[in-house]
>>> print(open('input.cif').read())   # mmCIF, C-alpha atoms
data_data
loop_
_atom_site.label_atom_id
_atom_site.label_comp_id
_atom_site.auth_asym_id
_atom_site.auth_seq_id
_atom_site.Cartn_x
_atom_site.Cartn_y
_atom_site.Cartn_z
CA MET A 1 17.53 7.28 23.89
CA VAL A 2 17.71 8.53 20.33
CA GLU A 3 17.35 12.31 20.05
CA PRO A 4 17.76 15.03 17.41
CA VAL A 5 21.23 16.36 16.78
CA ASP A 6 20.56 19.79 18.33
CA ALA A 7 19.22 18.28 21.55
CA TRP A 8 22.08 15.79 21.65
CA TRP A 9 24.65 18.57 21.20
CA ARG A 10 23.11 20.72 23.98
CA ARG A 11 23.08 17.77 26.34
CA ARG A 12 26.75 17.02 25.64
CA GLN A 13 27.58 20.69 26.19
CA TRP A 14 25.86 20.58 29.57
CA SER A 15 27.38 17.25 30.66
CA ARG A 16 30.94 18.23 29.65
CA GLY A 17 30.67 21.87 30.62
CA THR A 18 32.17 23.15 27.39
CA ALA A 19 30.86 24.84 24.24
CA VAL A 20 32.53 22.27 21.98
CA PRO A 21 32.21 18.80 23.53
CA TYR A 22 34.01 17.14 20.57
CA ALA A 23 36.53 19.07 18.50
CA VAL A 24 36.51 18.87 14.72
CA GLY A 25 38.47 15.83 13.62
CA THR A 26 38.05 13.87 16.85
CA PHE A 27 36.48 10.88 15.09
CA ARG A 28 38.10 11.33 11.68
CA GLU A 29 39.73 7.90 11.68
CA ALA A 30 36.48 6.17 12.68
CA TRP A 31 34.65 7.69 9.69
CA ALA A 32 37.53 7.31 7.21
CA SER A 33 36.40 3.83 6.17
CA TYR A 34 32.95 5.19 5.17
CA PRO A 35 33.62 7.62 2.30
CA VAL A 36 30.04 7.30 1.06
CA LEU A 37 28.70 8.56 4.39
CA VAL A 38 31.23 11.38 4.47
CA ARG A 39 29.92 12.51 1.08
CA GLN A 40 26.28 12.23 2.14
CA TYR A 41 26.66 14.26 5.32
CA HIS A 42 26.05 18.03 5.30
CA PRO A 43 26.85 20.07 8.45
CA GLU A 44 24.45 22.86 7.44
CA TRP A 45 21.56 20.42 7.79
CA ASN A 46 22.74 19.25 11.20
CA HIS A 47 22.99 22.55 13.10
CA GLY A 48 26.60 23.05 12.06
CA VAL A 49 27.88 19.85 13.67
CA VAL A 50 30.63 18.27 11.56
CA LEU A 51 30.60 14.52 11.02
CA THR A 52 34.02 14.09 12.64
CA GLN A 53 32.50 15.59 15.81
CA VAL A 54 29.93 12.79 16.06
CA PRO A 55 30.92 9.46 17.64
CA PRO A 56 30.03 6.56 15.33
CA LEU A 57 28.08 4.93 18.17
CA ALA A 58 26.14 8.06 19.20
CA GLU A 59 22.37 7.64 19.37
CA VAL A 60 21.57 10.80 17.47
CA LEU A 61 19.38 11.50 14.44
CA LEU A 62 21.38 13.01 11.59
CA THR A 63 20.20 14.26 8.20
CA TRP A 64 21.82 12.74 5.10
CA GLU A 65 21.52 13.23 1.34
CA CYS A 66 22.29 10.45 -1.11
CA ASP A 67 23.98 11.01 -4.47
CA VAL A 68 20.61 11.02 -6.23
CA GLY A 69 19.25 13.76 -3.97
CA HIS A 70 17.05 11.85 -1.50
CA VAL A 71 17.13 13.42 1.97
CA PHE A 72 16.55 11.10 4.90
CA VAL A 73 17.17 10.84 8.64
CA ALA A 74 19.16 8.02 10.27
CA THR A 75 21.52 7.39 13.16
CA PRO A 76 25.24 6.74 12.62
CA ALA A 77 24.74 3.13 13.67
CA GLU A 78 21.98 2.66 11.08
CA GLN A 79 24.14 4.09 8.31
CA ARG A 80 27.19 2.08 9.26
CA SER A 81 25.19 -1.15 9.44
CA ARG A 82 23.80 -0.85 5.91
CA PRO A 83 25.35 -3.50 3.65
CA GLY A 84 27.50 -2.82 0.66
CA ARG A 85 29.84 -0.05 1.82
CA GLU A 86 31.46 1.25 -1.42
CA ARG A 87 30.11 -1.56 -3.65
CA ARG A 88 26.57 -0.32 -4.19
CA ARG A 89 25.59 3.25 -3.55
CA SER A 90 21.88 2.41 -3.50
CA VAL A 91 22.17 0.52 -0.22
CA TRP A 92 23.25 3.69 1.59
CA CYS A 93 19.89 5.37 0.96
CA PRO A 94 16.67 3.64 2.07
CA GLU A 95 14.68 5.25 -0.74
CA CYS A 96 17.19 4.23 -3.42
CA GLN A 97 17.25 0.73 -1.98
CA VAL A 98 13.48 0.40 -2.47
CA GLN A 99 13.69 1.74 -6.03
CA ALA A 100 16.49 -0.68 -6.86
CA GLN A 101 14.33 -3.67 -5.99
CA PRO A 102 12.45 -5.25 -8.93
CA GLN A 103 8.86 -4.03 -9.09
CA ARG A 104 5.97 -6.33 -9.88
CA TRP A 105 3.40 -5.41 -12.45
CA PRO A 106 -0.15 -6.70 -12.17
CA VAL A 107 -1.08 -9.41 -14.63
CA LEU A 108 -4.54 -8.73 -15.97
CA PRO A 109 -6.38 -10.20 -18.98
CA GLU A 110 -6.21 -6.91 -20.89
CA ASP A 111 -2.42 -6.88 -20.49
CA TRP A 112 -2.02 -10.05 -22.58
CA PRO A 113 -1.59 -9.98 -26.35
CA ALA A 114 -4.46 -11.16 -28.50
CA SER A 115 -2.53 -14.22 -29.65
CA VAL A 116 -2.16 -15.59 -26.11
CA PRO A 117 -5.17 -17.52 -24.77
CA VAL A 118 -6.53 -16.51 -21.38
CA PRO A 119 -5.79 -19.12 -18.69
CA GLN A 120 -8.91 -20.55 -17.14
CA ARG A 121 -7.88 -19.52 -13.63
CA ALA A 122 -7.70 -15.91 -14.79
CA VAL A 123 -11.24 -16.11 -16.14
CA ARG A 124 -12.43 -17.37 -12.78
CA SER A 125 -10.67 -14.64 -10.86
CA VAL A 126 -11.81 -11.65 -12.88
CA GLY A 127 -15.38 -11.51 -11.66
CA ARG A 128 -18.27 -13.25 -9.97
CA GLN A 129 -20.76 -13.01 -12.82
CA THR A 130 -21.80 -16.49 -13.93
CA LEU A 131 -23.30 -17.95 -17.01
CA PRO A 132 -26.88 -19.15 -16.35
CA SER A 133 -27.96 -22.65 -17.30
CA ALA A 134 -29.90 -23.39 -20.46
CA ARG A 135 -32.27 -26.29 -20.96
CA GLY A 136 -30.48 -29.60 -21.11
CA GLY A 137 -27.01 -28.45 -19.99
CA ALA A 138 -24.54 -25.65 -19.71
CA ALA A 139 -24.85 -22.46 -21.67
CA ALA A 140 -21.97 -20.67 -23.29
CA ALA A 141 -21.27 -18.21 -26.03
CA ARG A 142 -20.81 -19.09 -29.65
CA GLY A 143 -19.16 -17.17 -32.39
CA PRO A 144 -16.99 -14.13 -31.63
CA ALA A 145 -15.61 -14.25 -28.11
CA ALA A 146 -16.87 -11.82 -25.55
CA VAL A 147 -13.46 -10.41 -25.09
CA GLY A 148 -12.94 -9.33 -28.66
CA ALA A 149 -9.42 -8.56 -29.76
CA LEU A 150 -7.94 -8.66 -26.25
CA PRO A 151 -8.77 -11.75 -24.22
CA GLY A 152 -10.54 -10.89 -21.01
CA ALA A 153 -11.60 -7.39 -22.07
CA VAL A 154 -15.31 -6.72 -21.81
CA PRO A 155 -17.18 -3.86 -23.50
CA SER A 156 -18.23 -1.16 -21.06
CA GLY A 157 -21.82 -1.44 -22.17
CA GLY A 158 -22.45 -4.57 -20.10
CA LEU A 159 -22.26 -8.28 -20.88
CA PRO A 160 -20.10 -9.27 -23.84
CA PRO A 161 -21.79 -10.00 -27.15
CA GLY A 162 -22.50 -13.67 -27.48
CA ALA A 163 -22.97 -14.22 -23.73
CA VAL A 164 -26.32 -15.18 -22.20
CA ALA A 165 -27.74 -12.04 -20.68
CA SER A 166 -30.60 -13.19 -18.46
CA THR A 167 -32.73 -16.15 -17.42
CA ARG A 168 -35.97 -14.26 -17.93
CA ARG A 169 -38.11 -14.81 -21.00
CA ARG A 170 -37.30 -12.08 -23.42
CA PRO A 171 -37.86 -11.96 -27.15
CA VAL A 172 -34.88 -12.54 -29.34
CA ARG A 173 -34.47 -10.08 -32.14
CA GLY A 174 -36.19 -11.56 -35.11
CA GLY A 175 -37.30 -14.70 -33.28
CA ALA A 176 -39.41 -16.23 -30.54
CA PRO A 177 -38.72 -16.00 -26.80
CA VAL A 178 -36.25 -18.48 -25.42
CA ARG A 179 -37.05 -20.52 -22.33
CA GLY A 180 -34.47 -21.59 -19.81
CA GLY A 181 -31.90 -19.08 -21.00
CA GLY A 182 -31.61 -15.47 -21.99
CA PRO A 183 -31.38 -14.12 -25.50
CA VAL A 184 -28.14 -13.86 -27.33
CA ARG A 185 -27.41 -10.31 -28.33
CA GLY A 186 -27.49 -9.85 -32.05
CA GLY A 187 -30.12 -12.55 -32.62
CA GLY A 188 -30.18 -16.32 -32.39
CA ALA A 189 -30.81 -18.83 -29.67
CA PRO A 190 -28.60 -19.64 -26.70
CA VAL A 191 -25.95 -22.22 -27.34
CA ARG A 192 -26.12 -25.52 -25.51
CA GLY A 193 -23.10 -27.43 -24.38
CA GLY A 194 -19.75 -25.80 -23.82
CA GLY A 195 -18.33 -23.05 -25.92
CA PRO A 196 -15.23 -20.90 -25.81
CA VAL A 197 -15.29 -17.49 -24.14
CA GLY A 198 -12.27 -15.41 -24.95
CA GLY A 199 -9.06 -17.03 -26.09
CA GLY A 200 -10.67 -20.45 -26.50
CA VAL A 201 -11.37 -21.01 -22.78
CA PRO A 202 -14.42 -23.26 -22.28
CA VAL A 203 -16.97 -21.90 -19.80
CA ARG A 204 -19.50 -24.13 -18.10
CA ALA A 205 -22.74 -23.35 -16.33
CA GLY A 206 -22.15 -21.58 -13.05
CA GLN A 207 -18.57 -20.65 -13.96
CA PRO A 208 -17.57 -16.96 -13.83
CA ILE A 209 -17.12 -15.17 -17.12
CA PRO A 210 -14.91 -12.13 -17.77
CA ARG A 211 -16.29 -8.99 -16.19
CA ALA A 212 -15.54 -5.38 -16.95
CA VAL A 213 -12.62 -3.98 -14.93
CA CYS A 214 -12.51 -0.22 -14.45
CA PRO A 215 -10.04 1.25 -16.98
CA LYS A 216 -9.44 4.41 -14.93
CA THR A 217 -6.79 2.83 -12.72
CA PRO A 218 -3.38 4.11 -13.86
CA ARG A 219 -0.77 1.64 -15.03
CA LEU A 220 1.50 1.55 -11.98
CA PRO A 221 3.58 -1.20 -10.41
CA SER A 222 1.76 -3.32 -7.89
CA GLY A 223 1.88 -1.78 -4.45
CA GLU A 224 2.14 1.84 -5.61
CA SER A 225 -0.24 4.30 -3.96
CA PHE A 226 -1.91 7.13 -5.86
CA THR A 227 -4.86 9.51 -5.86
CA SER A 228 -7.75 7.63 -7.44
CA THR A 229 -10.61 9.19 -9.36
CA CYS A 230 -12.83 6.25 -8.38
CA ALA A 231 -12.23 6.34 -4.63
CA PRO A 232 -15.37 7.24 -2.67
CA ALA A 233 -15.45 10.33 -0.54
CA THR A 234 -15.01 10.06 3.22
CA ALA A 235 -18.33 8.77 4.51
CA SER A 236 -17.73 9.17 8.25
CA ALA A 237 -16.91 12.24 10.29
CA VAL A 238 -14.87 10.00 12.60
CA GLU A 239 -12.54 9.08 9.73
CA ALA A 240 -12.01 12.78 9.00
CA ASP A 241 -11.23 13.43 12.68
CA LEU A 242 -8.74 10.54 12.73
CA ARG A 243 -7.04 11.85 9.60
CA ALA A 244 -6.83 15.36 11.09
CA ALA A 245 -5.34 13.99 14.31
CA LEU A 246 -2.64 12.16 12.36
CA GLN A 247 -1.92 15.24 10.26
CA GLU A 248 -1.26 17.21 13.42
CA ARG A 249 1.37 14.71 14.54
CA PHE A 250 3.01 13.47 11.35
CA ALA A 251 4.03 14.97 8.01
CA PHE A 252 2.94 11.99 5.92
CA THR A 253 1.41 12.18 2.46
CA PHE A 254 -2.32 12.11 3.08
CA SER A 255 -3.47 12.91 -0.46
CA HIS A 256 -3.23 9.33 -1.76
CA THR A 257 -6.49 7.37 -1.66
CA ALA A 258 -5.78 4.04 -3.39
CA ILE A 259 -3.28 1.19 -3.66
CA ARG A 260 -2.57 -0.64 -6.93
CA LEU A 261 -3.27 -4.37 -6.56
CA ASP A 262 -2.05 -7.51 -8.29
CA ARG A 263 -5.47 -8.74 -9.29
CA PRO A 264 -9.01 -7.36 -9.53
CA PHE A 265 -10.85 -6.66 -6.31
CA PHE A 266 -14.49 -6.61 -7.38
CA ASP A 267 -14.54 -4.27 -10.43
CA HIS A 268 -11.20 -2.53 -9.83
CA VAL A 269 -7.52 -3.34 -9.54
CA GLU A 270 -7.14 -0.93 -6.68
CA ALA A 271 -8.11 -0.80 -3.01
CA TRP A 272 -9.38 2.26 -1.16
CA PRO A 273 -8.35 2.23 2.50
CA ASP A 274 -9.67 4.96 4.76
CA ILE A 275 -6.16 6.39 5.24
CA VAL A 276 -3.11 5.63 3.09
CA LEU A 277 0.38 6.29 4.44
CA PRO A 278 2.75 5.87 1.45
CA GLU A 279 5.92 6.55 3.44
CA LEU A 280 5.20 3.63 5.77
CA ARG A 281 3.26 1.49 3.28
CA VAL A 282 0.55 1.16 5.90
CA ALA A 283 -3.21 1.31 5.29
CA ILE A 284 -5.48 2.38 8.16
CA GLU A 285 -9.11 1.35 8.32
CA TYR A 286 -11.78 2.57 10.75
CA ASP A 287 -14.50 -0.03 11.36
CA SER A 288 -17.74 0.36 13.31
CA THR A 289 -21.00 -1.53 13.29
CA GLY A 290 -22.86 1.50 11.94
CA ARG A 291 -26.21 2.91 12.89
CA HIS A 292 -28.04 -0.39 12.45
CA GLY A 293 -25.26 -2.67 13.73
CA LEU A 294 -24.79 -4.39 10.36
CA GLU A 295 -21.53 -2.92 9.13
CA HIS A 296 -18.36 -5.08 9.11
CA VAL A 297 -20.17 -8.18 10.37
CA GLY A 298 -21.05 -11.45 8.66
CA PRO A 299 -20.33 -11.46 4.91
CA ARG A 300 -19.02 -7.89 5.10
CA GLN A 301 -16.38 -9.01 7.55
CA GLU A 302 -15.20 -11.60 5.03
CA THR A 303 -14.95 -8.80 2.47
CA ASP A 304 -12.69 -6.93 4.90
CA ARG A 305 -10.49 -10.01 5.15
CA ARG A 306 -10.26 -10.28 1.37
CA LYS A 307 -9.31 -6.63 1.13
CA ASP A 308 -6.61 -7.05 3.77
CA ARG A 309 -5.17 -10.05 1.94
CA ALA A 310 -5.11 -8.12 -1.34
CA VAL A 311 -3.34 -5.15 0.25
CA ARG A 312 -0.81 -7.32 2.11
CA SER A 313 -0.04 -9.28 -1.06
CA VAL A 314 1.49 -6.14 -2.62
CA GLY A 315 3.75 -5.37 0.34
CA TRP A 316 1.54 -3.22 2.56
CA GLU A 317 0.34 -3.71 6.12
CA VAL A 318 -3.17 -3.01 7.40
CA VAL A 319 -4.09 -1.55 10.78
CA ARG A 320 -7.79 -1.65 11.57
CA ILE A 321 -9.31 0.41 14.36
CA ARG A 322 -12.27 -1.73 15.44
CA THR A 323 -15.07 -0.28 17.56
CA GLY A 324 -18.44 -1.58 18.72
CA ARG A 325 -16.92 -4.83 20.06
CA LEU A 326 -15.81 -5.89 16.59
CA PRO A 327 -13.14 -8.60 16.83
CA ALA A 328 -9.63 -7.95 15.56
CA LEU A 329 -8.92 -9.30 12.07
CA GLY A 330 -5.18 -8.77 11.92
CA PRO A 331 -2.19 -8.85 14.25
CA TYR A 332 -1.97 -5.05 14.51
CA ASP A 333 -5.67 -4.19 14.83
CA LEU A 334 -6.81 -1.98 17.72
CA GLN A 335 -10.03 -2.69 19.62
CA VAL A 336 -11.20 0.60 21.11
CA SER A 337 -14.43 2.21 22.23
CA GLY A 338 -13.97 5.26 20.01
CA ILE A 339 -11.54 7.77 18.57
CA SER A 340 -9.79 9.76 21.28
CA ARG A 341 -6.33 11.11 22.04
CA ARG A 342 -5.49 7.79 23.65
CA THR A 343 -6.53 5.96 20.47
CA VAL A 344 -4.26 8.15 18.37
CA ASP A 345 -1.41 7.44 20.81
CA GLN A 346 -2.02 3.69 20.46
CA LEU A 347 -2.08 4.02 16.70
CA ALA A 348 1.21 5.94 16.71
CA ASP A 349 2.80 3.26 18.89
CA THR A 350 1.54 0.58 16.49
CA LEU A 351 3.10 2.39 13.53
CA ARG A 352 6.39 2.53 15.44
CA ASP A 353 6.20 -1.21 16.10
CA LEU A 354 5.53 -1.83 12.40
CA ARG A 355 8.14 0.39 10.76
CA GLY A 356 10.53 1.29 13.57
CA PRO A 357 10.48 4.31 15.90
CA LEU A 358 13.34 6.07 14.13
CA PHE A 359 11.65 6.05 10.76
CA VAL A 360 8.20 7.04 12.07
CA ASP A 361 9.48 9.80 14.36
CA ALA A 362 11.43 11.26 11.46
CA TYR A 363 8.03 12.45 10.11
CA ALA A 364 6.85 13.82 13.47
CA ARG A 365 5.88 17.46 13.46
#
>>> encode(input="input.cif", output="structure tokens")
Amino acid sequence: MVEPVDAWWRRRQWSRGTAVPYAVGTFREAWASYPVLVRQYHPEWNHGVVLTQVPPLAEVLLTWECDVGHVFVATPAEQRSRPGRERRRSVWCPECQVQAQPQRWPVLPEDWPASVPVPQRAVRSVGRQTLPSARGGAAAARGPAAVGALPGAVPSGGLPPGAVASTRRRPVRGGAPVRGGGPVRGGGAPVRGGGPVGGGVPVRAGQPIPRAVCPKTPRLPSGESFTSTCAPATASAVEADLRAALQERFAFTFSHTAIRLDRPFFDHVEAWPDIVLPELRVAIEYDSTGRHGLEHVGPRQETDRRKDRAVRSVGWEVVRIRTGRLPALGPYDLQVSGISRRTVDQLADTLRDLRGPLFVDAYAR
């Protein structure tokens, strides 16, 4: 069983009946082929135990520091099994290894230059707002595109200029009311047939048009977590109790509230799980049927599935705690009757299954 270095040293003292179970230099030859690990090890962080006193196969948690300054906990076997040896220093530190991997940036319409036309699939994926039909065929915008200088960008004031705003009869500025289609902002009648919307992309009746995406999301690589200004406050006292129970057990970062996504999810390019664990890249959701039994069922359940797919697509895993006989949506979901100490124990075991017991227990209080 893996144990901290101080507990391991006391147990060896008791089993061998001596104050120094392994003398300094006992395993010098075994560690000689790992100069990177010798440099990363600090006895003062490991209760004074020198690295040459630790067997390379000992199941003990040791504290290491990489050349960059990242401090992490790992067993000798974990460190020795990391690939690269002296070739790449980044592979000897799990945090450096993650940073060395290429990061994906989300591709959004506003990220494209004005000279590049917006692909039609991107227009369809930005929002669900559709262009209503006009008499005799499809309605579209004419003249300046709704997106303006940047394809896909929509003014914050609402629908883009030149787009049909409503199907109700409303007077057009300087003209008569239009039937079968809404007025065109700035005067004129709705355009029949197909017309370009942003970057020369034709839009037909019933096809989504670009929709405003919240500009408050910071420009971060996809999959990065952060503290969002748009995230709603905790709406359930049970969620607060679950967060407090996890804070008592683990020293994770609980201040992050959002995850940067690849593509828009409704009006944002971020998701707001109930609890975000950046160190594990795990999002925790608490689901109940609510007071009226309508939450997380029917169409709202499909929204939960979409959210899970969006979060998993950027390298995260989702663990849902489902109550009120709600069915599990993912492979790691927990079906419980409520939040209790046993539920927190099950959640901790699930996190260990997801990310490994050594890594999770390294954050245990």
>>> atom_distance(input="input.cif", atom1="CA of Gln335 in chain A", atom2="CA of Thr253 in chain A")
25.4 Å
>>> axis_aligned_box(input="input.cif", around="range 51-58 of chain A", padding_each_side="3 Å", output="lines of an AutoDock Vina configuration file")
center_x = 30.1
center_y = 10.3
center_z = 15.1
size_x = 13.9
size_y = 16.7
size_z = 14.2
>>> residues_around(input="input.cif", residues="Val60 in chain A", least_positions_apart="3", cutoff="9 Å", atoms="only C-alpha atoms", output="tab-separated table (two decimals) with C-alpha atoms, in the frame of the given file")
chain	number	residue	atom	x	y	z
A	1	MET	CA	17.53	7.28	23.89
A	2	VAL	CA	17.71	8.53	20.33
A	3	GLU	CA	17.35	12.31	20.05
A	4	PRO	CA	17.76	15.03	17.41
A	5	VAL	CA	21.23	16.36	16.78
A	7	ALA	CA	19.22	18.28	21.55
A	8	TRP	CA	22.08	15.79	21.65
A	54	VAL	CA	29.93	12.79	16.06
A	57	LEU	CA	28.08	4.93	18.17
A	74	ALA	CA	19.16	8.02	10.27
A	75	THR	CA	21.52	7.39	13.16
A	76	PRO	CA	25.24	6.74	12.62
>>> atom_distance(input="input.cif", atom1="CA of His256 in chain A", atom2="CA of Leu277 in chain A")
7.8 Å
>>> closest_residue(input="input.cif", among="A:Ala362, A:Ala258, A:Val282, A:Val344", to="Tyr332 in chain A", atoms="all atoms listed in the file")
A:Val282
>>> residues_near_point(input="input.cif", point="(29.9, 12.1, 0.7)", cutoff="12 Å", atoms="only C-alpha atoms", output="ChimeraX atom specification")
/A:31-43,51,64-69,86,89,92
>>> atom_distance(input="input.cif", atom1="CA of Ile321 in chain A", atom2="CA of Ala251 in chain A")
20.7 Å
>>> resolve_selection(input="input.cif", expression="the PyMOL selection byres ((chain A and resi 224-238) around 7)", output="list in words")
Leu220, Pro221, Ser222, Gly223, Glu239, Ala240, Asp241, Leu242, Ser255, His256, Thr257, Ala258, Ile259, Arg260, Trp272 and Pro278 of chain A
>>> resolve_selection(input="input.cif", expression="the PyMOL selection byres ((chain A and resi 317) around 9)", output="number ranges by chain")
A: 280-284, 308, 311-312, 315-316, 318-319, 332, 354
>>> write_last_selection(input="input.cif", atoms="C-alpha atoms", output="compact mmCIF listing (two decimals), in the coordinates of the input")
# COMPACT_ATOMS: atom_id res chain seq x y z
CA LEU A 280 5.20 3.63 5.77
CA ARG A 281 3.26 1.49 3.28
CA VAL A 282 0.55 1.16 5.90
CA ALA A 283 -3.21 1.31 5.29
CA ILE A 284 -5.48 2.38 8.16
CA ASP A 308 -6.61 -7.05 3.77
CA VAL A 311 -3.34 -5.15 0.25
CA ARG A 312 -0.81 -7.32 2.11
CA GLY A 315 3.75 -5.37 0.34
CA TRP A 316 1.54 -3.22 2.56
CA VAL A 318 -3.17 -3.01 7.40
CA VAL A 319 -4.09 -1.55 10.78
CA TYR A 332 -1.97 -5.05 14.51
CA LEU A 354 5.53 -1.83 12.40
>>> resolve_selection(input="input.cif", expression="the PyMOL selection byres ((chain A and resi 47) around 10)", output="mmCIF file with C-alpha atoms, in the coordinates of the input")
data_model
loop_
_atom_site.group_PDB
_atom_site.id
_atom_site.type_symbol
_atom_site.label_atom_id
_atom_site.label_comp_id
_atom_site.auth_asym_id
_atom_site.auth_seq_id
_atom_site.Cartn_x
_atom_site.Cartn_y
_atom_site.Cartn_z
ATOM 1 C CA VAL A 5 21.230 16.360 16.780
ATOM 2 C CA ASP A 6 20.560 19.790 18.330
ATOM 3 C CA TRP A 9 24.650 18.570 21.200
ATOM 4 C CA HIS A 42 26.050 18.030 5.300
ATOM 5 C CA PRO A 43 26.850 20.070 8.450
ATOM 6 C CA GLU A 44 24.450 22.860 7.440
ATOM 7 C CA TRP A 45 21.560 20.420 7.790
ATOM 8 C CA ASN A 46 22.740 19.250 11.200
ATOM 9 C CA GLY A 48 26.600 23.050 12.060
ATOM 10 C CA VAL A 49 27.880 19.850 13.670
ATOM 11 C CA VAL A 50 30.630 18.270 11.560
ATOM 12 C CA LEU A 62 21.380 13.010 11.590
#
>>> closest_residue(input="input.cif", among="A:Glu78, A:Thr26, A:Pro273, A:Arg342", to="Gly356 in chain A", atoms="all atoms listed in the file")
A:Glu78
>>> decode(input="input.cif", residues="range 229-278 of chain A", atoms="C-alpha atoms", output="CSV table (one decimal), in the first residue's frame")
chain,number,residue,atom,x,y,z
A,229,THR,CA,-18.2,36.8,-14.6
A,230,CYS,CA,-21.2,35.3,-16.4
A,231,ALA,CA,-21.5,32.1,-14.3
A,232,PRO,CA,-24.7,32.1,-12.2
A,233,ALA,CA,-24.5,31.9,-8.5
A,234,THR,CA,-25.1,28.6,-6.7
A,235,ALA,CA,-28.8,28.0,-6.8
A,236,SER,CA,-29.1,25.1,-4.4
A,237,ALA,CA,-28.0,24.7,-0.8
A,238,VAL,CA,-27.2,21.0,-1.6
A,239,GLU,CA,-24.5,22.1,-4.1
A,240,ALA,CA,-23.0,24.4,-1.4
A,241,ASP,CA,-23.0,21.5,1.1
A,242,LEU,CA,-21.3,19.2,-1.5
A,243,ARG,CA,-18.7,21.8,-2.2
A,244,ALA,CA,-18.0,22.3,1.5
A,245,ALA,CA,-17.7,18.5,2.0
A,246,LEU,CA,-15.1,18.3,-0.8
A,247,GLN,CA,-13.2,21.3,0.6
A,248,GLU,CA,-12.8,19.5,3.9
A,249,ARG,CA,-11.2,16.5,2.2
A,250,PHE,CA,-9.2,17.9,-0.7
A,251,ALA,CA,-7.1,21.0,-1.3
A,252,PHE,CA,-8.4,21.5,-4.9
A,253,THR,CA,-8.9,24.9,-6.5
A,254,PHE,CA,-12.6,25.6,-6.0
A,255,SER,CA,-12.7,29.2,-7.2
A,256,HIS,CA,-13.0,28.4,-10.9
A,257,THR,CA,-16.6,28.4,-12.2
A,258,ALA,CA,-16.3,27.9,-16.0
A,259,ILE,CA,-14.5,25.8,-18.7
A,260,ARG,CA,-13.5,27.3,-22.1
A,261,LEU,CA,-15.2,25.4,-24.9
A,262,ASP,CA,-14.4,24.8,-28.6
A,263,ARG,CA,-17.7,26.1,-29.9
A,264,PRO,CA,-20.6,28.1,-28.6
A,265,PHE,CA,-22.9,26.5,-26.1
A,266,PHE,CA,-26.1,28.6,-26.4
A,267,ASP,CA,-24.9,32.2,-26.1
A,268,HIS,CA,-21.4,31.5,-24.6
A,269,VAL,CA,-18.2,29.7,-25.4
A,270,GLU,CA,-18.0,28.5,-21.8
A,271,ALA,CA,-19.7,25.9,-19.6
A,272,TRP,CA,-20.6,26.4,-16.0
A,273,PRO,CA,-20.5,23.1,-14.1
A,274,ASP,CA,-21.6,23.1,-10.5
A,275,ILE,CA,-18.1,22.3,-9.2
A,276,VAL,CA,-14.9,22.6,-11.3
A,277,LEU,CA,-11.8,20.7,-10.3
A,278,PRO,CA,-8.9,22.1,-12.4
